[in-house]
>>> print(open('entry-v9.pdb').read())   # PDB, C-alpha atoms
ATOM      1  CA  MET J   1       0.000   0.000   0.000
ATOM      2  CA  ASN J   2       1.338   3.437  -0.900
ATOM      3  CA  ASP J   3       1.838   6.039   1.821
ATOM      4  CA  PHE J   4      -0.310   8.357  -0.263
ATOM      5  CA  ALA J   5      -3.220   7.317  -2.419
ATOM      6  CA  LEU J   6      -5.389  10.023  -3.950
ATOM      7  CA  TRP J   7      -8.733   8.199  -4.095
ATOM      8  CA  PRO J   8      -8.983   7.084  -0.458
ATOM      9  CA  VAL J   9      -7.748  10.474   0.764
ATOM     10  CA  LEU J  10     -10.208  12.314  -1.482
ATOM     11  CA  ALA J  11     -13.094  10.001  -0.540
ATOM     12  CA  GLY J  12     -12.272  10.225   3.180
ATOM     13  CA  SER J  13     -12.191  14.019   2.924
ATOM     14  CA  LEU J  14     -15.513  14.046   1.089
ATOM     15  CA  ALA J  15     -17.043  11.841   3.796
ATOM     16  CA  PHE J  16     -15.872  14.235   6.516
ATOM     17  CA  PHE J  17     -17.122  17.218   4.486
ATOM     18  CA  ALA J  18     -20.515  15.558   3.943
ATOM     19  CA  VAL J  19     -20.844  14.951   7.678
ATOM     20  CA  GLY J  20     -20.133  18.643   8.251
ATOM     21  CA  ALA J  21     -22.737  19.677   5.673
ATOM     22  CA  LEU J  22     -25.375  17.552   7.380
ATOM     23  CA  TRP J  23     -24.194  18.420  10.895
ATOM     24  CA  TYR J  24     -24.124  22.187  10.520
ATOM     25  CA  GLY J  25     -26.560  22.600   7.638
ATOM     26  CA  VAL J  26     -29.381  20.326   8.746
ATOM     27  CA  ILE J  27     -29.070  18.545  12.094
ATOM     28  CA  PHE J  28     -27.578  21.264  14.344
ATOM     29  CA  ALA J  29     -27.912  24.392  12.179
ATOM     30  CA  LEU J  30     -29.919  26.519  14.621
ATOM     31  CA  PRO J  31     -28.477  25.193  17.902
ATOM     32  CA  TRP J  32     -24.960  25.699  16.523
ATOM     33  CA  GLN J  33     -25.763  29.231  15.320
ATOM     34  CA  ARG J  34     -27.171  30.151  18.747
ATOM     35  CA  ALA J  35     -24.280  28.570  20.664
ATOM     36  CA  ALA J  36     -21.743  30.263  18.392
ATOM     37  CA  GLY J  37     -23.534  33.585  18.863
ATOM     38  CA  LEU J  38     -23.772  34.247  15.129
ATOM     39  CA  SER J  39     -26.516  36.297  13.508
ATOM     40  CA  ASN J  40     -27.925  35.493  10.067
ATOM     41  CA  THR J  41     -26.019  38.505   8.735
ATOM     42  CA  GLN J  42     -22.746  37.226  10.195
ATOM     43  CA  LEU J  43     -23.344  33.774   8.678
ATOM     44  CA  LYS J  44     -23.771  35.357   5.244
ATOM     45  CA  SER J  45     -20.608  37.450   5.555
ATOM     46  CA  GLY J  46     -17.242  36.316   4.328
ATOM     47  CA  SER J  47     -16.355  34.370   1.231
ATOM     48  CA  MET J  48     -18.213  31.071   1.325
ATOM     49  CA  PRO J  49     -16.035  29.528  -1.425
ATOM     50  CA  LEU J  50     -12.948  30.427   0.612
ATOM     51  CA  ILE J  51     -14.437  29.127   3.880
ATOM     52  CA  PHE J  52     -15.604  25.840   2.365
ATOM     53  CA  GLY J  53     -12.468  25.498   0.242
ATOM     54  CA  LEU J  54     -10.163  25.865   3.234
ATOM     55  CA  THR J  55     -12.370  23.559   5.270
ATOM     56  CA  PHE J  56     -12.006  20.889   2.607
ATOM     57  CA  ALA J  57      -8.248  21.523   2.356
ATOM     58  CA  PHE J  58      -7.862  21.015   6.117
ATOM     59  CA  GLU J  59      -9.922  17.839   5.920
ATOM     60  CA  MET J  60      -7.662  16.644   3.092
ATOM     61  CA  LEU J  61      -4.652  17.237   5.338
ATOM     62  CA  ILE J  62      -6.285  15.221   8.120
ATOM     63  CA  ALA J  63      -7.086  12.440   5.637
ATOM     64  CA  MET J  64      -3.521  12.415   4.297
ATOM     65  CA  VAL J  65      -2.092  12.044   7.793
ATOM     66  CA  LEU J  66      -4.495   9.269   8.759
ATOM     67  CA  TRP J  67      -4.011   7.438   5.452
ATOM     68  CA  HIS J  68      -0.229   7.692   5.861
ATOM     69  CA  LEU J  69      -0.465   6.116   9.330
ATOM     70  CA  VAL J  70      -2.733   3.366   8.033
ATOM     71  CA  ALA J  71      -0.474   2.714   5.048
ATOM     72  CA  ARG J  72       2.692   2.591   7.158
ATOM     73  CA  THR J  73       1.295   0.285   9.841
ATOM     74  CA  ASP J  74      -1.108  -1.881   7.766
ATOM     75  CA  PRO J  75      -3.450  -2.499  10.717
ATOM     76  CA  PRO J  76      -6.531  -4.741  10.752
ATOM     77  CA  GLN J  77      -9.791  -3.060   9.732
ATOM     78  CA  PHE J  78     -11.061  -2.561  13.284
ATOM     79  CA  VAL J  79      -7.797  -0.835  14.193
ATOM     80  CA  VAL J  80      -8.271   1.611  11.303
ATOM     81  CA  MET J  81     -11.559   2.637  12.931
ATOM     82  CA  MET J  82      -9.879   2.791  16.346
ATOM     83  CA  MET J  83      -7.194   5.058  14.877
ATOM     84  CA  ALA J  84      -9.738   7.390  13.240
ATOM     85  CA  VAL J  85     -12.017   7.659  16.268
ATOM     86  CA  GLY J  86      -9.053   7.653  18.648
ATOM     87  CA  PHE J  87      -7.496  10.581  16.808
ATOM     88  CA  ALA J  88     -10.772  12.493  17.199
ATOM     89  CA  VAL J  89     -11.174  11.615  20.888
ATOM     90  CA  GLY J  90      -7.522  11.848  21.868
ATOM     91  CA  VAL J  91      -6.292  14.810  19.811
ATOM     92  CA  MET J  92      -8.928  16.818  17.967
ATOM     93  CA  ILE J  93     -11.638  17.067  20.628
ATOM     94  CA  PRO J  94      -9.243  17.933  23.471
ATOM     95  CA  ALA J  95      -7.631  20.576  21.225
ATOM     96  CA  ILE J  96     -10.929  22.300  20.527
ATOM     97  CA  GLY J  97     -11.850  21.889  24.204
ATOM     98  CA  ILE J  98      -8.721  23.760  25.283
ATOM     99  CA  ASN J  99      -9.380  26.444  22.687
ATOM    100  CA  TYR J 100     -13.021  26.852  23.732
ATOM    101  CA  LEU J 101     -12.098  27.065  27.416
ATOM    102  CA  GLN J 102      -9.701  29.915  26.682
ATOM    103  CA  LEU J 103     -12.250  31.646  24.438
ATOM    104  CA  ARG J 104     -15.021  31.144  27.034
ATOM    105  CA  LYS J 105     -17.235  29.425  24.473
ATOM    106  CA  PRO J 106     -20.396  27.690  25.702
ATOM    107  CA  PHE J 107     -20.322  23.988  26.506
ATOM    108  CA  SER J 108     -23.173  23.427  24.039
ATOM    109  CA  LEU J 109     -20.959  24.696  21.208
ATOM    110  CA  PHE J 110     -18.182  22.362  22.329
ATOM    111  CA  LEU J 111     -20.565  19.386  22.307
ATOM    112  CA  ILE J 112     -21.866  20.181  18.827
ATOM    113  CA  ASP J 113     -18.389  20.717  17.377
ATOM    114  CA  ALA J 114     -16.873  17.746  19.200
ATOM    115  CA  GLY J 115     -19.660  15.554  17.858
ATOM    116  CA  HIS J 116     -18.880  16.750  14.349
ATOM    117  CA  PHE J 117     -15.227  15.781  14.712
ATOM    118  CA  LEU J 118     -16.114  12.402  16.188
ATOM    119  CA  VAL J 119     -18.679  11.477  13.531
ATOM    120  CA  GLY J 120     -16.572  13.009  10.731
ATOM    121  CA  MET J 121     -13.511  10.988  11.715
ATOM    122  CA  ALA J 122     -15.611   7.834  12.048
ATOM    123  CA  ALA J 123     -16.909   8.440   8.511
ATOM    124  CA  MET J 124     -13.365   8.942   7.234
ATOM    125  CA  GLY J 125     -12.234   5.770   8.990
ATOM    126  CA  GLY J 126     -15.144   3.859   7.482
ATOM    127  CA  VAL J 127     -14.163   5.037   4.005
ATOM    128  CA  PHE J 128     -10.582   3.941   4.615
ATOM    129  CA  VAL J 129     -11.761   0.515   5.776
ATOM    130  CA  TRP J 130     -13.852   0.234   2.609
ATOM    131  CA  PHE J 131     -10.894   1.148   0.390
ATOM    132  CA  ARG J 132      -8.666  -1.382   2.125
ATOM    133  CA  GLY J 133     -11.307  -4.137   2.094
TER
END
>>> encode(input="entry-v9.pdb", output="structure tokens")
Amino acid sequence: MNDFALWPVLAGSLAFFAVGALWYGVIFALPWQRAAGLSNTQLKSGSMPLIFGLTFAFEMLIAMVLWHLVARTDPPQFVVMMMAVGFAVGVMIPAIGINYLQLRKPFSLFLIDAGHFLVGMAAMGGVFVWFRG
């Protein structure tokens, strides 16, 4: 297995992005907006192509790192899922937790965003398992 493979990385990134679209666009749109303290006007400000483009680029970076680890270690399928979810629980969620504590963000915002990272990484891990299967 190559350390970098475009299709799994791209598909894993798309899975994470799709989770975000559902998470923030449908499932938690209003609770997230309230917890983040954003008005409708604020949500419409800024360059949406830039925001979504950079979001996808960051998700690609995450996917490249996870795929590299999977490719280098060649773990069993269940370990791929443990790595994806473990990275969310052990690195990503604590990092946003520290950031939100310092910014005095509400706990509800942390829960919504942490859930997004957890489900998004699980989706990415599932895609990687599928590509390796």
>>> closest_residue(input="entry-v9.pdb", among="J:Phe17, J:Ser45, J:Phe78, J:Ala84", to="Val65 of chain J", atoms="only C-alpha atoms")
J:Ala84
>>> resolve_selection(input="entry-v9.pdb", expression="the PyMOL selection byres ((chain J and resi 26-30) around 12)", output="PDB file with C-alpha atoms, keeping the file's coordinate frame")
ATOM      1  CA  ALA J  18     -20.515  15.558   3.943  1.00  0.00           C
ATOM      2  CA  VAL J  19     -20.844  14.951   7.678  1.00  0.00           C
ATOM      3  CA  GLY J  20     -20.133  18.643   8.251  1.00  0.00           C
ATOM      4  CA  ALA J  21     -22.737  19.677   5.673  1.00  0.00           C
ATOM      5  CA  LEU J  22     -25.375  17.552   7.380  1.00  0.00           C
ATOM      6  CA  TRP J  23     -24.194  18.420  10.895  1.00  0.00           C
ATOM      7  CA  TYR J  24     -24.124  22.187  10.520  1.00  0.00           C
ATOM      8  CA  GLY J  25     -26.560  22.600   7.638  1.00  0.00           C
ATOM      9  CA  PRO J  31     -28.477  25.193  17.902  1.00  0.00           C
ATOM     10  CA  TRP J  32     -24.960  25.699  16.523  1.00  0.00           C
ATOM     11  CA  GLN J  33     -25.763  29.231  15.320  1.00  0.00           C
ATOM     12  CA  ARG J  34     -27.171  30.151  18.747  1.00  0.00           C
ATOM     13  CA  ALA J  35     -24.280  28.570  20.664  1.00  0.00           C
ATOM     14  CA  ALA J  36     -21.743  30.263  18.392  1.00  0.00           C
ATOM     15  CA  GLY J  37     -23.534  33.585  18.863  1.00  0.00           C
ATOM     16  CA  LEU J  38     -23.772  34.247  15.129  1.00  0.00           C
ATOM     17  CA  SER J  39     -26.516  36.297  13.508  1.00  0.00           C
ATOM     18  CA  ASN J  40     -27.925  35.493  10.067  1.00  0.00           C
ATOM     19  CA  LEU J  43     -23.344  33.774   8.678  1.00  0.00           C
ATOM     20  CA  SER J 108     -23.173  23.427  24.039  1.00  0.00           C
ATOM     21  CA  LEU J 109     -20.959  24.696  21.208  1.00  0.00           C
ATOM     22  CA  LEU J 111     -20.565  19.386  22.307  1.00  0.00           C
ATOM     23  CA  ILE J 112     -21.866  20.181  18.827  1.00  0.00           C
ATOM     24  CA  ASP J 113     -18.389  20.717  17.377  1.00  0.00           C
ATOM     25  CA  GLY J 115     -19.660  15.554  17.858  1.00  0.00           C
ATOM     26  CA  HIS J 116     -18.880  16.750  14.349  1.00  0.00           C
TER      27      HIS J 116
END
>>> closest_residue(input="entry-v9.pdb", among="J:Ile62, J:Ala5, J:Ala15, J:Val79", to="Val129 of chain J", atoms="only C-alpha atoms")
J:Val79
>>> closest_residue(input="entry-v9.pdb", among="J:Ala123, J:Gly133, J:Pro76, J:Trp67", to="Asp3 of chain J", atoms="all atoms listed in the file")
J:Trp67
>>> residues_around(input="entry-v9.pdb", residues="segment 92-107 of chain J", least_positions_apart="3", cutoff="8 Å", atoms="only C-alpha atoms", output="number ranges by chain")
J: 35-36, 87-89, 110-111, 114, 117-118
>>> atom_distance(input="entry-v9.pdb", atom1="atom CA of Leu14 of chain J", atom2="atom CA of Ala71 of chain J")
19.2 Å
>>> atom_distance(input="entry-v9.pdb", atom1="atom CA of His68 of chain J", atom2="atom CA of Gly90 of chain J")
18.1 Å
>>> atom_distance(input="entry-v9.pdb", atom1="atom CA of Leu69 of chain J", atom2="atom CA of Gly126 of chain J")
15.0 Å
>>> closest_residue(input="entry-v9.pdb", among="J:Pro49, J:Leu61, J:Lys44, J:Met124", to="Met82 of chain J", atoms="all atoms listed in the file")
J:Met124
>>> closest_residue(input="entry-v9.pdb", among="J:Ala63, J:Leu54, J:Met48, J:Val91", to="Leu6 of chain J", atoms="only C-alpha atoms")
J:Ala63
>>> closest_residue(input="entry-v9.pdb", among="J:Met83, J:Thr41, J:Phe56, J:Gly46", to="Ala11 of chain J", atoms="only C-alpha atoms")
J:Phe56
